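Okay, so here's the structure we're looking at.
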Amino acid sequence: MIKKIEAIFREEKLTVVKEALAAIGIVGMNVSEVRGHGHHGGIELAGRIGTYKVDLLPRIQLNIVLSDHNVEKTIETIRQAAQTDNIGDGIIFVYPVDQVVRMGTGERGHDALTYEGDIDVRQELEAGLMNAVGISD
Amino acid sequence: MEQINSGDTAWILVATALVMMMTPALAFFYGGMVRKKNLLSTINLSFITIGLISLQWVLFGYTLAFGESVGGLFGGLNFLGLSGVGAEPNADYAATIPHLAFAAYQMMFAIITPALITGAFVERVRFKAFLIFTLLWATLVYDPVAHWVWGVGGILRSIGALDFAGGTVVHITAGFSALAFAMVLGKRKWFGQAPMEPSNIPFTVLGAGLLWMGWFGFNGGSALAANGLAVNALVTTNTAAAAAALVWMFLSWNDNKPSVLGIVTGAVVGLVAITPAAGFVTPLSAIVIGGLAAPISYYAIRLRQRWGLDESLDVWACHGMGGTWGALATGLFATKLVNSTGADGLLYGNPGQFGVQALAVVVTIAFAFSVTFVLAKLLNRWMGLRVTENEEEVGLDISEHGERAYA
C-alpha cells in the first residue's frame with residue numbers, strides 16, 4: 001500500500017521539519033503555502049490603532065508519498081519537529097494512493113518511490129550490517 | 001514693481017516639484033492600506049487627479065481662487081486661462097517671483113487636496129462618478145475656500161485668520177468632505193464583518209516618507225521666499241512630524257504593539273497639524289502641536305469605528321481633525337517673534353486670535369461638509385456613486401480598469 005501524508009504546520013517550522021525528515025531518510029516531498037484555521041479561528045494583528053482580527057493564517061502544507069510501513073515513523077517525526085504546544089500547531093492527514101509513476105523512468109508503485117539513501121534503502125543497509133556482525137532484532 | 005529674486009524663484013520651483021511629488025506619494029500611502037484587488041484603483045484615484053486638476057487649475061481654477069475678489073467669496077475671471085499670469089511678479093501674491101511660479105506652486109495644492117479625499121471611498125467608488133465629483137469639488141469647494149483664506153479680500157483672510165500652508169484650505173476641507181462623502185456612499189461589503197487587511201504596508205511607509213519630504217516644500221515653500229521664515233517652517237514641520245510619530249508609537253504600544261502603520265500615520269498627522277502653524281510658531285511649540293495631534297487623531301479613528309462609519313482610510317480623523325487642531329493651535333502658539341507679518345496667539349497675550357481661528361474652522365467645516373454632502377447626494381441619484389456588488393467583490397482593478405496590480 002502506498003500512502004500520502006499531508007501535514008499542515010507553522011511556516012517557521014519548515015526548516016526543522018525538513019531536517020528531521022532528511023535525518024530519517026525521507027527524500028521526496030513538495031511544499032505549498034496555504035492559509036487556514038482550525039477551531040481556534042485566528043489571531044489579532046496590530047492595526048493603525050489597536051488591533052484587528054485575522055482569521056486565515058499562513059501555514060505550510062507538506063506532501064509526502066511513501067510506503068505504508070514508513071507512515072508511522074514519518075508522522076511522529078513531523079509531529080515532534082513541528083509542534084510548539086501552542087494552539088494553531090496544525091494537523092496531519094493520511095490518504096491511500098492508487099498509483100505512483102515516476103516521470104523520467106516510467107517506474108511504478110513502490111519502485112517509483114525508492115531513491116538512493118532513502119528511508120527503505122537505509123533500513124535495508126542497517127539490517128544487512130547488523131546481520132553481518134551477528135546481531136538480530 | 002518689485003524685482004524678481006532668483007533665490008526665491010529657485011526655491012519656489014523646487015518646492016513646486018516637492019509638492020507635486022506628494023500626490024504620487026499619497027497614492028502609495030493609500031494604496032498600501034487597501035486590499036490587493038483594489039491597489040491599482042486606489043493609486044490611480046490620486047494619480048489621475050494630477051491630470052484632472054492641472055487642467056482645471058490652468059483653465060479656471062486659479063482665477064476662481066486668486067482672481068480679483070468678488071465680494072470676498074471667490075475670485076473673478078481676470079486670470080481665466082492664466083491670462084496675464086506670467087514672468088512678471090505680482091504685488092499681491094508673488095512680490096519677488098514670477099506670478100506664474102506662484103500659480104504653479106498653488107496648482108500642486110489644488111491637486112493634492114481632492115486626492116486626499118479619495119481615502120474615504122476606496123474599494124467601491126465608480127471611477128466615472130469620482131472624476132465628475134472631483135472636478136466639481138475642486139471648483140465648488142476648494143477654489144472658493146482657497147480664496148476666502150489666501151485671496152486678497154477673501155472673507156477669512158480679512159478677519160485675520162492665519163493659515164500658513166493650508167490647514168483649513170487643504171486639510172479641513174478634505175477631511176470633512178471625506179466624512180460627508182463616506183456617509184452618502186455607504187460602507188464596503190463585509191465592512192466590520194471580515195478583516196480588510198492592508199495589502200502592502202511597506203508601500204504605505206514609502207508614501208509617508210515621501211510625503212514627509214514633500215512637506216518641506218508644502219510648508220517651507222509657503223514662505224514664498226528662500227529666507228528665514230522658510231527655514232522656520234521646515235524645522236517646525238520636521239519637529240511636529242517627529243513628535244507625532246513617537247506619540248502615536250506609544251499609543252499603539254499601549255494598546256498592543258508599536259504598529260509601523262501607526263507610526264507612519266502619526267508622522268502624517270503631525271505634518272497635517274503643523275501645516276497652518278509652520279510659519280507662525282517656534283520649534284518648541286511644534287513639539288506640542290505634533291505631540292497632541294497624535295492622540296486627537298488616534299481617538300478620532302476610534303470614534304469613527306464606534307460610529308460604524310466606513311470612512312475607509314480615516315481622512316477625517318487624520319486630516320479633518322489634525323487640521324482642526326492645527327488651525328486652533330495656531331491661535332494658541334502663534335508669535336510675531338517668528339513672523340512679524342503674522343499675529344500673536346492666546347499664549348502670547350492675544351486671545352482674540354484663537355477666536356478668529358475657531359471661527360475660520362467652523363465656517364470651513366460647515367461649508368466643506370454641506371457642499372460635499374449635497375454634491376455626493378446629487379451625483380448618487382444622477383449616476384450612482386458605487387460600482388455593483390459583483391464588481392466590488394471582484395475588485396476595482398479588474399472591474400474598473402481591466403488590469404491587476406500583480407501577475
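Residue numbering restarts at 1 for every chain of the C-alpha cells, chains are lettered A, B, ... in their displayed order, and ligands are numbered from 1 as they appear.
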Compile a residue-level contact table for chain B against chain A at a cut-off of 9 Å, reporting for every qualifying residue the shortest atom pair and its distance in Å to one decimal, with only C-alpha atoms counted, rows ordered by chain and ascending number, as CSV.
```
residue,atom,partner,partner_atom,distance
B:Ala194,CA,A:Val54,CA,8.4
B:Pro195,CA,A:Val54,CA,6.0
B:Met196,CA,A:Val54,CA,8.8
B:Glu197,CA,A:Val54,CA,8.0
B:Trp248,CA,A:Ile49,CA,8.7
B:Leu251,CA,A:Ile49,CA,8.0
B:Ser252,CA,A:Ile49,CA,5.9
B:Trp253,CA,A:Gly50,CA,8.5
B:Asn254,CA,A:Gly50,CA,8.7
B:Asp255,CA,A:Gly50,CA,5.3
B:Asn256,CA,A:Gly50,CA,6.2
B:Lys257,CA,A:Ala46,CA,6.2
B:Pro258,CA,A:Ala46,CA,7.7
B:Ser259,CA,A:Ala46,CA,5.6
B:Val260,CA,A:Arg48,CA,8.0
B:Leu261,CA,A:Arg48,CA,5.3
B:Gly262,CA,A:Arg48,CA,4.3
B:Ile263,CA,A:Arg48,CA,8.1
B:Thr265,CA,A:Arg48,CA,7.2
B:Tyr298,CA,A:Ile49,CA,6.6
B:Tyr299,CA,A:Ile49,CA,8.5
B:Ile301,CA,A:Ile49,CA,7.5
B:Arg302,CA,A:Ile49,CA,7.5
```
Those selected residues, please, written with N, CA and C atoms and delivered as an mmCIF file, in the first residue's frame.
```cif
data_model
loop_
_atom_site.group_PDB
_atom_site.id
_atom_site.type_symbol
_atom_site.label_atom_id
_atom_site.label_comp_id
_atom_site.auth_asym_id
_atom_site.auth_seq_id
_atom_site.Cartn_x
_atom_site.Cartn_y
_atom_site.Cartn_z
ATOM 1 N N ALA B 194 -15.651 41.044 7.999
ATOM 2 C CA ALA B 194 -14.459 40.306 7.592
ATOM 3 C C ALA B 194 -13.262 41.252 7.667
ATOM 4 N N PRO B 195 -12.081 40.720 7.971
ATOM 5 C CA PRO B 195 -10.910 41.592 8.017
ATOM 6 C C PRO B 195 -10.594 42.161 6.632
ATOM 7 N N MET B 196 -10.204 43.443 6.587
ATOM 8 C CA MET B 196 -9.785 44.056 5.329
ATOM 9 C C MET B 196 -8.330 44.428 5.508
ATOM 10 N N GLU B 197 -7.472 43.487 5.202
ATOM 11 C CA GLU B 197 -6.061 43.653 5.525
ATOM 12 C C GLU B 197 -5.349 44.555 4.538
ATOM 13 N N TRP B 248 2.331 58.562 18.631
ATOM 14 C CA TRP B 248 1.455 57.510 18.085
ATOM 15 C C TRP B 248 2.040 56.123 18.393
ATOM 16 N N LEU B 251 1.068 55.248 21.854
ATOM 17 C CA LEU B 251 -0.367 54.956 21.956
ATOM 18 C C LEU B 251 -0.645 53.545 21.452
ATOM 19 N N SER B 252 -0.051 53.226 20.313
ATOM 20 C CA SER B 252 -0.258 51.925 19.703
ATOM 21 C C SER B 252 0.363 50.814 20.562
ATOM 22 N N TRP B 253 1.521 51.110 21.115
ATOM 23 C CA TRP B 253 2.210 50.169 22.001
ATOM 24 C C TRP B 253 1.365 49.871 23.234
ATOM 25 N N ASN B 254 0.770 50.927 23.759
ATOM 26 C CA ASN B 254 -0.068 50.779 24.943
ATOM 27 C C ASN B 254 -1.275 49.892 24.658
ATOM 28 N N ASP B 255 -1.787 49.962 23.434
ATOM 29 C CA ASP B 255 -2.938 49.140 23.058
ATOM 30 C C ASP B 255 -2.543 47.723 22.678
ATOM 31 N N ASN B 256 -1.336 47.555 22.122
ATOM 32 C CA ASN B 256 -0.935 46.238 21.649
ATOM 33 C C ASN B 256 0.575 46.197 21.441
ATOM 34 N N LYS B 257 0.986 46.500 20.205
ATOM 35 C CA LYS B 257 2.410 46.563 19.889
ATOM 36 C C LYS B 257 2.650 47.840 19.083
ATOM 37 N N PRO B 258 3.894 48.309 19.016
ATOM 38 C CA PRO B 258 4.146 49.557 18.277
ATOM 39 C C PRO B 258 4.006 49.343 16.771
ATOM 40 N N SER B 259 2.806 49.546 16.265
ATOM 41 C CA SER B 259 2.491 49.288 14.858
ATOM 42 C C SER B 259 3.229 50.251 13.930
ATOM 43 N N VAL B 260 3.823 49.711 12.889
ATOM 44 C CA VAL B 260 4.526 50.544 11.906
ATOM 45 C C VAL B 260 3.518 51.390 11.127
ATOM 46 N N LEU B 261 2.389 50.780 10.773
ATOM 47 C CA LEU B 261 1.327 51.541 10.112
ATOM 48 C C LEU B 261 0.897 52.704 11.001
ATOM 49 N N GLY B 262 0.853 52.464 12.309
ATOM 50 C CA GLY B 262 0.507 53.518 13.253
ATOM 51 C C GLY B 262 1.563 54.611 13.312
ATOM 52 N N ILE B 263 2.819 54.217 13.348
ATOM 53 C CA ILE B 263 3.906 55.193 13.455
ATOM 54 C C ILE B 263 3.898 56.138 12.248
ATOM 55 N N THR B 265 1.399 56.753 10.259
ATOM 56 C CA THR B 265 0.181 57.555 10.319
ATOM 57 C C THR B 265 0.398 58.739 11.251
ATOM 58 N N TYR B 298 -5.839 59.717 16.796
ATOM 59 C CA TYR B 298 -5.938 58.323 17.249
ATOM 60 C C TYR B 298 -7.339 58.039 17.797
ATOM 61 N N TYR B 299 -7.796 58.915 18.699
ATOM 62 C CA TYR B 299 -9.106 58.666 19.297
ATOM 63 C C TYR B 299 -10.238 59.061 18.348
ATOM 64 N N ILE B 301 -10.135 58.182 15.223
ATOM 65 C CA ILE B 301 -10.315 56.921 14.484
ATOM 66 C C ILE B 301 -11.186 55.962 15.300
ATOM 67 N N ARG B 302 -10.886 55.895 16.600
ATOM 68 C CA ARG B 302 -11.679 55.004 17.460
ATOM 69 C C ARG B 302 -13.157 55.416 17.446
#
```
Closest atom pairs, residues of stretch 163-269 of chain B within 7 Å of stretch 324-348 of chain B, only C-alpha atoms, as a tab-separated table:
```
residue	atom	partner	partner_atom	distance
B:Asp163	CA	B:Ala327	CA	6.9
B:Gly167	CA	B:Ala327	CA	6.0
B:Thr168	CA	B:Ala327	CA	6.7
B:Ile172	CA	B:Thr324	CA	6.3
```
Quiz item: In Å, with one decimal, what is the gap from atom CA of A:Pro96 to atom CA of A:Glu19?
Solution: 25.3 Å
Self-check item: Residue list (alpha helix (DSSP H), DSSP) for stretch 48-81 of chain A, as a PyMOL selection string
Solution: chain A and resi 71-81
Quiz item: stretch 16-101 of chain A: which residues are strand (DSSP E or B) by DSSP, as number ranges by chain?
Solution: A: 30-36, 43-46, 51-54, 57-67, 90-97, 101
Could those selected residues go to a file with N, CA and C atoms, as a compact mmCIF listing (two decimals), in the first residue's frame?
```txt
# COMPACT_ATOMS: atom_id res chain seq x y z
N ASN A 30 6.85 17.68 -1.55
CA ASN A 30 6.60 19.01 -2.08
C ASN A 30 5.86 19.83 -1.05
N VAL A 31 5.97 21.14 -1.22
CA VAL A 31 5.52 22.07 -0.18
C VAL A 31 4.69 23.16 -0.83
N SER A 32 3.60 23.53 -0.20
CA SER A 32 2.90 24.72 -0.69
C SER A 32 2.53 25.62 0.48
N GLU A 33 2.33 26.90 0.16
CA GLU A 33 1.90 27.85 1.18
C GLU A 33 0.38 27.89 1.16
N VAL A 34 -0.20 27.67 2.30
CA VAL A 34 -1.67 27.68 2.37
C VAL A 34 -2.09 28.66 3.46
N ARG A 35 -3.38 28.99 3.48
CA ARG A 35 -3.93 29.78 4.58
C ARG A 35 -5.11 29.03 5.16
N GLY A 36 -5.26 29.10 6.45
CA GLY A 36 -6.40 28.41 7.02
C GLY A 36 -6.51 28.62 8.51
N ILE A 43 -5.99 35.17 14.82
CA ILE A 43 -5.21 35.95 15.78
C ILE A 43 -5.48 37.44 15.57
N GLU A 44 -4.98 38.24 16.49
CA GLU A 44 -5.08 39.69 16.37
C GLU A 44 -3.76 40.25 15.87
N LEU A 45 -3.84 41.16 14.92
CA LEU A 45 -2.64 41.87 14.45
C LEU A 45 -2.77 43.34 14.82
N ALA A 46 -1.60 44.03 14.94
CA ALA A 46 -1.61 45.45 15.24
C ALA A 46 -2.11 46.22 14.02
N THR A 51 -6.05 46.79 17.50
CA THR A 51 -5.78 45.55 16.79
C THR A 51 -6.95 45.21 15.88
N TYR A 52 -6.70 44.31 14.95
CA TYR A 52 -7.80 43.74 14.19
C TYR A 52 -7.57 42.25 14.05
N LYS A 53 -8.67 41.52 13.80
CA LYS A 53 -8.60 40.06 13.81
C LYS A 53 -8.38 39.53 12.40
N VAL A 54 -7.47 38.58 12.30
CA VAL A 54 -7.23 37.90 11.03
C VAL A 54 -7.60 36.45 11.23
N LEU A 57 -4.80 32.16 8.59
CA LEU A 57 -3.39 32.41 8.87
C LEU A 57 -2.52 31.59 7.93
N PRO A 58 -1.33 32.09 7.60
CA PRO A 58 -0.45 31.35 6.70
C PRO A 58 0.12 30.10 7.37
N ARG A 59 0.10 29.00 6.65
CA ARG A 59 0.69 27.75 7.11
C ARG A 59 1.39 27.07 5.94
N ILE A 60 2.25 26.11 6.25
CA ILE A 60 2.90 25.28 5.23
C ILE A 60 2.14 23.97 5.09
N GLN A 61 1.92 23.56 3.86
CA GLN A 61 1.38 22.21 3.63
C GLN A 61 2.47 21.38 2.96
N LEU A 62 2.85 20.30 3.64
CA LEU A 62 3.92 19.43 3.17
C LEU A 62 3.29 18.13 2.69
N ASN A 63 3.58 17.74 1.45
CA ASN A 63 3.03 16.50 0.92
C ASN A 63 4.14 15.48 0.73
N ILE A 64 3.93 14.26 1.26
CA ILE A 64 4.90 13.18 1.09
C ILE A 64 4.12 11.93 0.68
N VAL A 65 4.60 11.24 -0.36
CA VAL A 65 4.00 9.95 -0.75
C VAL A 65 5.02 8.87 -0.43
N LEU A 66 4.57 7.83 0.28
CA LEU A 66 5.53 6.83 0.78
C LEU A 66 4.85 5.50 1.04
N SER A 67 5.65 4.48 1.30
CA SER A 67 5.10 3.15 1.57
C SER A 67 4.47 3.11 2.94
N GLY A 90 -1.28 22.87 13.94
CA GLY A 90 -1.55 22.27 12.63
C GLY A 90 -2.16 20.88 12.73
N ILE A 91 -2.10 20.16 11.63
CA ILE A 91 -2.81 18.87 11.55
C ILE A 91 -2.15 18.00 10.48
N ILE A 92 -2.29 16.68 10.60
CA ILE A 92 -1.76 15.75 9.60
C ILE A 92 -2.89 14.87 9.08
N PHE A 93 -2.99 14.77 7.76
CA PHE A 93 -3.95 13.85 7.14
C PHE A 93 -3.17 12.76 6.41
N VAL A 94 -3.70 11.53 6.40
CA VAL A 94 -3.08 10.44 5.65
C VAL A 94 -4.13 9.86 4.70
N TYR A 95 -3.75 9.70 3.42
CA TYR A 95 -4.68 9.18 2.41
C TYR A 95 -4.07 7.98 1.70
N PRO A 96 -4.92 7.07 1.22
CA PRO A 96 -4.41 6.00 0.34
C PRO A 96 -4.12 6.57 -1.06
N VAL A 97 -3.08 6.01 -1.71
CA VAL A 97 -2.72 6.47 -3.06
C VAL A 97 -2.86 5.30 -4.03
N VAL A 101 3.72 7.14 -10.59
CA VAL A 101 4.51 6.94 -11.81
C VAL A 101 5.64 7.96 -11.82
```
Mind running stretch 6-30 of chain A against stretch 105-124 of chain A at 12 Å and telling me each contacting residue's nearest atom pair with the distance in Å (one decimal), counting only C-alpha atoms, chain and number ascending, as a tab-separated table?
```
residue	atom	partner	partner_atom	distance
A:Leu21	CA	A:Ile119	CA	9.4
A:Ala22	CA	A:Asp118	CA	8.6
A:Ala23	CA	A:Ile119	CA	9.1
A:Ile24	CA	A:Ile119	CA	6.1
A:Gly25	CA	A:Ile119	CA	4.1
A:Ile26	CA	A:Ile119	CA	5.7
A:Val27	CA	A:Asp118	CA	6.0
A:Gly28	CA	A:Leu113	CA	8.1
A:Met29	CA	A:Leu113	CA	10.7
```
Write the residues you've just listed into a file as a PDB file, in the first residue's frame, and include N, CA and C atoms for each of them.
```
ATOM      1  N   LEU A  21      13.170  15.123   8.714  1.00  0.00           N
ATOM      2  CA  LEU A  21      12.794  14.103   7.729  1.00  0.00           C
ATOM      3  C   LEU A  21      14.030  13.611   6.984  1.00  0.00           C
ATOM      4  N   ALA A  22      14.941  14.518   6.657  1.00  0.00           N
ATOM      5  CA  ALA A  22      16.170  14.106   5.968  1.00  0.00           C
ATOM      6  C   ALA A  22      16.955  13.135   6.843  1.00  0.00           C
ATOM      7  N   ALA A  23      16.917  13.363   8.152  1.00  0.00           N
ATOM      8  CA  ALA A  23      17.680  12.528   9.073  1.00  0.00           C
ATOM      9  C   ALA A  23      17.165  11.084   9.101  1.00  0.00           C
ATOM     10  N   ILE A  24      15.861  10.887   8.833  1.00  0.00           N
ATOM     11  CA  ILE A  24      15.361   9.502   8.813  1.00  0.00           C
ATOM     12  C   ILE A  24      15.262   8.977   7.379  1.00  0.00           C
ATOM     13  N   GLY A  25      15.696   9.778   6.393  1.00  0.00           N
ATOM     14  CA  GLY A  25      15.754   9.276   5.025  1.00  0.00           C
ATOM     15  C   GLY A  25      14.504   9.526   4.195  1.00  0.00           C
ATOM     16  N   ILE A  26      13.708  10.490   4.580  1.00  0.00           N
ATOM     17  CA  ILE A  26      12.580  10.897   3.732  1.00  0.00           C
ATOM     18  C   ILE A  26      13.116  11.941   2.748  1.00  0.00           C
ATOM     19  N   VAL A  27      13.134  11.582   1.462  1.00  0.00           N
ATOM     20  CA  VAL A  27      13.837  12.404   0.474  1.00  0.00           C
ATOM     21  C   VAL A  27      12.870  13.253  -0.344  1.00  0.00           C
ATOM     22  N   GLY A  28      11.847  12.629  -0.910  1.00  0.00           N
ATOM     23  CA  GLY A  28      10.963  13.356  -1.826  1.00  0.00           C
ATOM     24  C   GLY A  28       9.813  14.031  -1.080  1.00  0.00           C
ATOM     25  N   MET A  29       9.512  15.239  -1.466  1.00  0.00           N
ATOM     26  CA  MET A  29       8.382  15.936  -0.850  1.00  0.00           C
ATOM     27  C   MET A  29       8.027  17.131  -1.713  1.00  0.00           C
TER      28      MET A  29
END
```
Quiz item: Taking into account only C-alpha atoms, which residue in the set A:Leu14, A:Met103, A:Ala127, A:Ile2 is nearest to A:Arg79?
Solution: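 Counting only C-alpha atoms, the residue closest to A:Arg79 is A:Leu14.
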Self-check item: Top pick for closest residue to B:Leu156, considering B:Ser370, B:Gln193, B:Asn219, B:Thr364 and counting only C-alpha atoms
Solution: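 So, comparing all the options, the nearest one is B:Thr364.
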Exercise. Considering only C-alpha atoms, state which residue in the set B:Leu378, B:Ala161, B:Leu80, B:Val85 is at the smallest distance from B:Ala277.
Key: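 The answer is B:Ala161, which sits nearest to B:Ala277.
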Quiz item: Counting only C-alpha atoms, what is within 8 Å of A:Lys13, bar same-chain residues fewer than 4 positions away, as a list in words?
Solution: Phe9, Val17, Ala81 and Ala82 of chain A
